[in-house]
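Let me begin by presenting the structure, written as structure tokens, before commenting on it.
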Amino acid sequence: METLVVDHPLVAHKLTALRDVTTDSPTFRRLVDELVTLLAYEATRQVRVTELSVRTPVAPATGVRLAQPYPLVVPILRAGLGMLEGMTRLLPTAEVGFLGMIRDESTLQAQTYATRLPDDLSGRQVYVLDPMLATGGTLAAAIRFLFDRGADDVTALCLLAAPEGIAHLDEAFAGTGRPIRLVTAALDERLNEHGYIVPGLGDAGDRLYGVV
Ligand SMILES: O=P(O)(O)OC[C@H]1O[C@H](OP(=O)(O)OP(=O)(O)O)[C@H](O)[C@@H]1O
Ligand SMILES: O=c1cc[nH]c(=O)[nH]1
Ligand SMILES: [Mg+2]
């Protein structure tokens with residue numbers, strides 16, 4: 001899987017504040033919103049465009065615009081929702097689908113509790129949003145939903161990724177002939193015995209939505 005770790009001082013600065021246990025939820029939400037916009041700039045380098053001609057106040061000009069069908073953005077509830085505004089600020093015409101998934105903390109298996117996706121995703125570029133790539137179970141299941149609907153160009157945007165999660169996605173989709181890309185703000189050390197990313201930032205959904 002093509003993986004891009006965005007190496008930028010602004011990303012590093014915001015990520016450090018995000019990790020800090022003393023950062024409150026309103027600040028945490030703002031930082032997630034700012035970080036996803038920085039990641040989205042890199043993640044959309046391959047977004048499809050088409051040529052068109054316009055007239056400037058001075059002369060005719062040729063240019064490009066986003067190709068249709070417009071991309072689909074899929075936040076994975078809950079934590080992925082914190083990334084949605086920042087992504088659609090850069091892609092205002094994107095369609096938005098939703099997946100609600102929760103990891104059973106005893107088995108670390110992802111369960112799906114909400115699905116609102118177009119039935120046919122053939123030919124669509126899809127951007128999946130989830131701040132955390134830990135075991136990879138959630139993202140692997142989400143990407144499988146998308147592939148099953150015909151998506152053939154999937155980019156996952158995360159804030160933190162664990163090596164175990166990257167390895168899981170690699171083996172889950174190797175040889176499928178449908179490449180997936182990962183864009184993340186940092187590659188962390190490992191998972192602890194509870195499946196949490198170390199050093200990580202805790203439970204992203206809880207930190208976003210003030211769950212104490
Ligand atoms: O890579 P994995 O091991 O699957 O773990 C990553 C998932 O865990 C967290 O979600 P959680 O299940 O805590 O639900 P939430 O987003 O509602 O907090 C996080 O938001 C990811 O979705
Ligand atoms: O560290 C982790 C691992 C899974 N999910 C989270 O929200 N945080
Ligand atoms: Mg989640």
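Chain labels A, B, ... are given in the sequence in which chains occur in the structure tokens; within each chain residues are numbered consecutively from 1, and ligands are likewise numbered from 1 in the order shown.
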Could you list, as a PyMOL selection string, all the residues within 8 Å of ligand 3, counting only C-alpha atoms and all ligand atoms? chain A and resi 76-80+101-103+130-132+138+204-205
To check your reading of the model: which residues sit at most 10 Å from ligand 1 when counting only C-alpha atoms and all ligand atoms? Write the answer as number ranges by chain. A: 75-82, 100-105, 107-112, 129-142, 158, 160-162, 164-166, 168-169, 191, 194-197, 202-209, 211
Near Thr50 in chain A, within 7 Å and counting only C-alpha atoms, which residues show up once chain neighbours fewer than 5 positions away are dropped, as a ChimeraX atom specification? /A:64-67
Selection: 10 Å around Pro92 in chain A, only C-alpha atoms, excl. self and same-chain fewer than 6 positions, as a PyMOL selection string: chain A and resi 70+85-86
Tell me, as a list in words, which residues lie within 8 Å of range 145-153 of chain A, counting only C-alpha atoms; anything in the same chain fewer than 6 positions away does not count.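 Once the nearby chain positions are removed, what remains is Pro118, Asp119, Asp120, Leu121, Ser122, Gly123, Arg124, Gln125, Val126, Arg178, Pro179 and Ile180 of chain A.
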Mind the document's chain letters and residue numbers, and return as number ranges by chain the residues of range 90-204 of chain A that DSSP labels strand (DSSP E or B). A: 95-96, 98-103, 110-116, 125-129, 132-133, 153-161, 180-187, 190-191, 197-198
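Closest to Val36 in chain A among A:Met83, A:Val73, A:Met1, A:Val96 is A:Met83, based on only C-alpha atoms.
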What's the separation between CA of Arg45 in chain A and CA of Thr184 in chain A, in Å to one decimal place? 14.2 Å
For Val11 in chain A, please output as a VMD selection string all residues within 9 Å (counting only C-alpha atoms; exclusion window: fewer than 2 positions along the same chain). chain A and resid 6 to 9 13 to 16 34 to 35 38 to 39 185 to 186
Go ahead and save the picked residues with all heavy atoms, as a compact mmCIF listing (two decimals), in the first residue's frame.
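Saved as out-v6.txt:
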```txt
# COMPACT_ATOMS: atom_id res chain seq x y z
N VAL A 6 3.00 12.69 6.07
CA VAL A 6 3.18 14.10 5.72
C VAL A 6 4.15 14.73 6.71
O VAL A 6 3.85 14.86 7.91
CB VAL A 6 1.83 14.84 5.73
CG1 VAL A 6 2.03 16.32 5.44
CG2 VAL A 6 0.89 14.22 4.69
N ASP A 7 5.30 15.12 6.21
CA ASP A 7 6.37 15.64 7.08
C ASP A 7 6.42 17.17 6.93
O ASP A 7 6.94 17.69 5.95
CB ASP A 7 7.71 15.00 6.62
CG ASP A 7 8.87 15.50 7.48
OD1 ASP A 7 8.58 16.13 8.53
OD2 ASP A 7 10.03 15.28 7.09
N HIS A 8 5.79 17.86 7.88
CA HIS A 8 5.67 19.33 7.77
C HIS A 8 5.61 19.88 9.20
O HIS A 8 4.89 19.35 10.04
CB HIS A 8 4.39 19.69 7.00
CG HIS A 8 4.27 21.13 6.63
ND1 HIS A 8 4.20 22.15 7.55
CD2 HIS A 8 4.19 21.73 5.42
CE1 HIS A 8 4.10 23.32 6.92
NE2 HIS A 8 4.09 23.09 5.64
N PRO A 9 6.34 20.95 9.46
CA PRO A 9 6.39 21.46 10.85
C PRO A 9 5.02 21.85 11.41
O PRO A 9 4.75 21.67 12.59
CB PRO A 9 7.33 22.67 10.77
CG PRO A 9 7.55 22.92 9.32
CD PRO A 9 7.25 21.66 8.57
N HIS A 13 3.51 20.31 14.70
CA HIS A 13 3.11 21.22 15.79
C HIS A 13 1.69 20.91 16.27
O HIS A 13 1.42 20.73 17.47
CB HIS A 13 3.19 22.66 15.27
CG HIS A 13 2.48 23.68 16.13
ND1 HIS A 13 3.03 24.23 17.27
CD2 HIS A 13 1.23 24.21 16.01
CE1 HIS A 13 2.16 25.06 17.80
NE2 HIS A 13 1.05 25.08 17.07
N LYS A 14 0.78 20.75 15.31
CA LYS A 14 -0.63 20.53 15.68
C LYS A 14 -0.84 19.14 16.27
O LYS A 14 -1.63 18.94 17.18
CB LYS A 14 -1.53 20.76 14.46
CG LYS A 14 -1.55 22.21 13.97
CD LYS A 14 -2.39 22.38 12.72
CE LYS A 14 -2.20 23.77 12.12
NZ LYS A 14 -2.61 24.85 13.03
N LEU A 15 -0.06 18.18 15.76
CA LEU A 15 -0.18 16.81 16.24
C LEU A 15 0.28 16.72 17.71
O LEU A 15 -0.32 16.02 18.52
CB LEU A 15 0.67 15.90 15.35
CG LEU A 15 0.36 14.40 15.36
CD1 LEU A 15 -1.10 14.12 15.18
CD2 LEU A 15 1.19 13.72 14.29
N THR A 16 1.34 17.46 18.03
CA THR A 16 1.84 17.45 19.42
C THR A 16 0.77 17.96 20.37
O THR A 16 0.52 17.38 21.43
CB THR A 16 3.10 18.33 19.52
OG1 THR A 16 4.04 17.89 18.54
CG2 THR A 16 3.72 18.25 20.92
N GLU A 34 -8.01 21.36 11.39
CA GLU A 34 -6.87 22.00 10.70
C GLU A 34 -5.94 20.95 10.10
O GLU A 34 -5.47 21.07 8.97
CB GLU A 34 -6.10 22.89 11.70
CG GLU A 34 -6.90 24.11 12.14
CD GLU A 34 -6.29 24.81 13.35
OE1 GLU A 34 -5.27 24.31 13.88
OE2 GLU A 34 -6.85 25.84 13.77
N LEU A 35 -5.71 19.87 10.83
CA LEU A 35 -4.79 18.83 10.35
C LEU A 35 -5.33 18.14 9.10
O LEU A 35 -4.58 17.92 8.14
CB LEU A 35 -4.55 17.78 11.44
CG LEU A 35 -3.41 18.08 12.40
CD1 LEU A 35 -3.45 17.12 13.60
CD2 LEU A 35 -2.07 18.00 11.69
N LEU A 38 -4.57 20.03 5.99
CA LEU A 38 -3.17 19.91 5.55
C LEU A 38 -2.95 18.56 4.86
O LEU A 38 -2.29 18.46 3.82
CB LEU A 38 -2.23 20.09 6.73
CG LEU A 38 -2.23 21.49 7.39
CD1 LEU A 38 -1.46 21.48 8.70
CD2 LEU A 38 -1.67 22.53 6.43
N LEU A 39 -3.54 17.49 5.43
CA LEU A 39 -3.38 16.15 4.84
C LEU A 39 -4.12 16.07 3.51
O LEU A 39 -3.65 15.44 2.55
CB LEU A 39 -3.92 15.08 5.79
CG LEU A 39 -3.24 14.91 7.14
CD1 LEU A 39 -3.85 13.73 7.89
CD2 LEU A 39 -1.73 14.72 6.99
N ALA A 185 -0.54 11.71 9.26
CA ALA A 185 0.30 12.78 9.82
C ALA A 185 1.50 12.19 10.54
O ALA A 185 2.52 12.87 10.69
CB ALA A 185 -0.53 13.64 10.78
N ALA A 186 1.40 10.95 11.01
CA ALA A 186 2.56 10.35 11.70
C ALA A 186 2.42 8.84 11.72
O ALA A 186 1.31 8.29 11.68
CB ALA A 186 2.66 10.87 13.13
```
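Among the candidates A:Leu52, A:Arg19, A:Ala156, A:Phe173, the residue lying nearest to ligand 2 is A:Arg19 (atoms considered: only C-alpha atoms and all ligand atoms).
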Using Å and a single decimal, report how far CA of Arg190 in chain A sits from atom 4 (C, counted along the ligand's line) of ligand 2.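 Answer for the atom 4 (C, counted along the ligand's line) of ligand 2 to CA of Arg190 in chain A separation: 11.4 Å.
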Determine which residues of range 54-167 of chain A DSSP labels as alpha helix (DSSP H) from the backbone of this structure, then write them out as number ranges by chain. A: 84-90, 137-148, 163-167
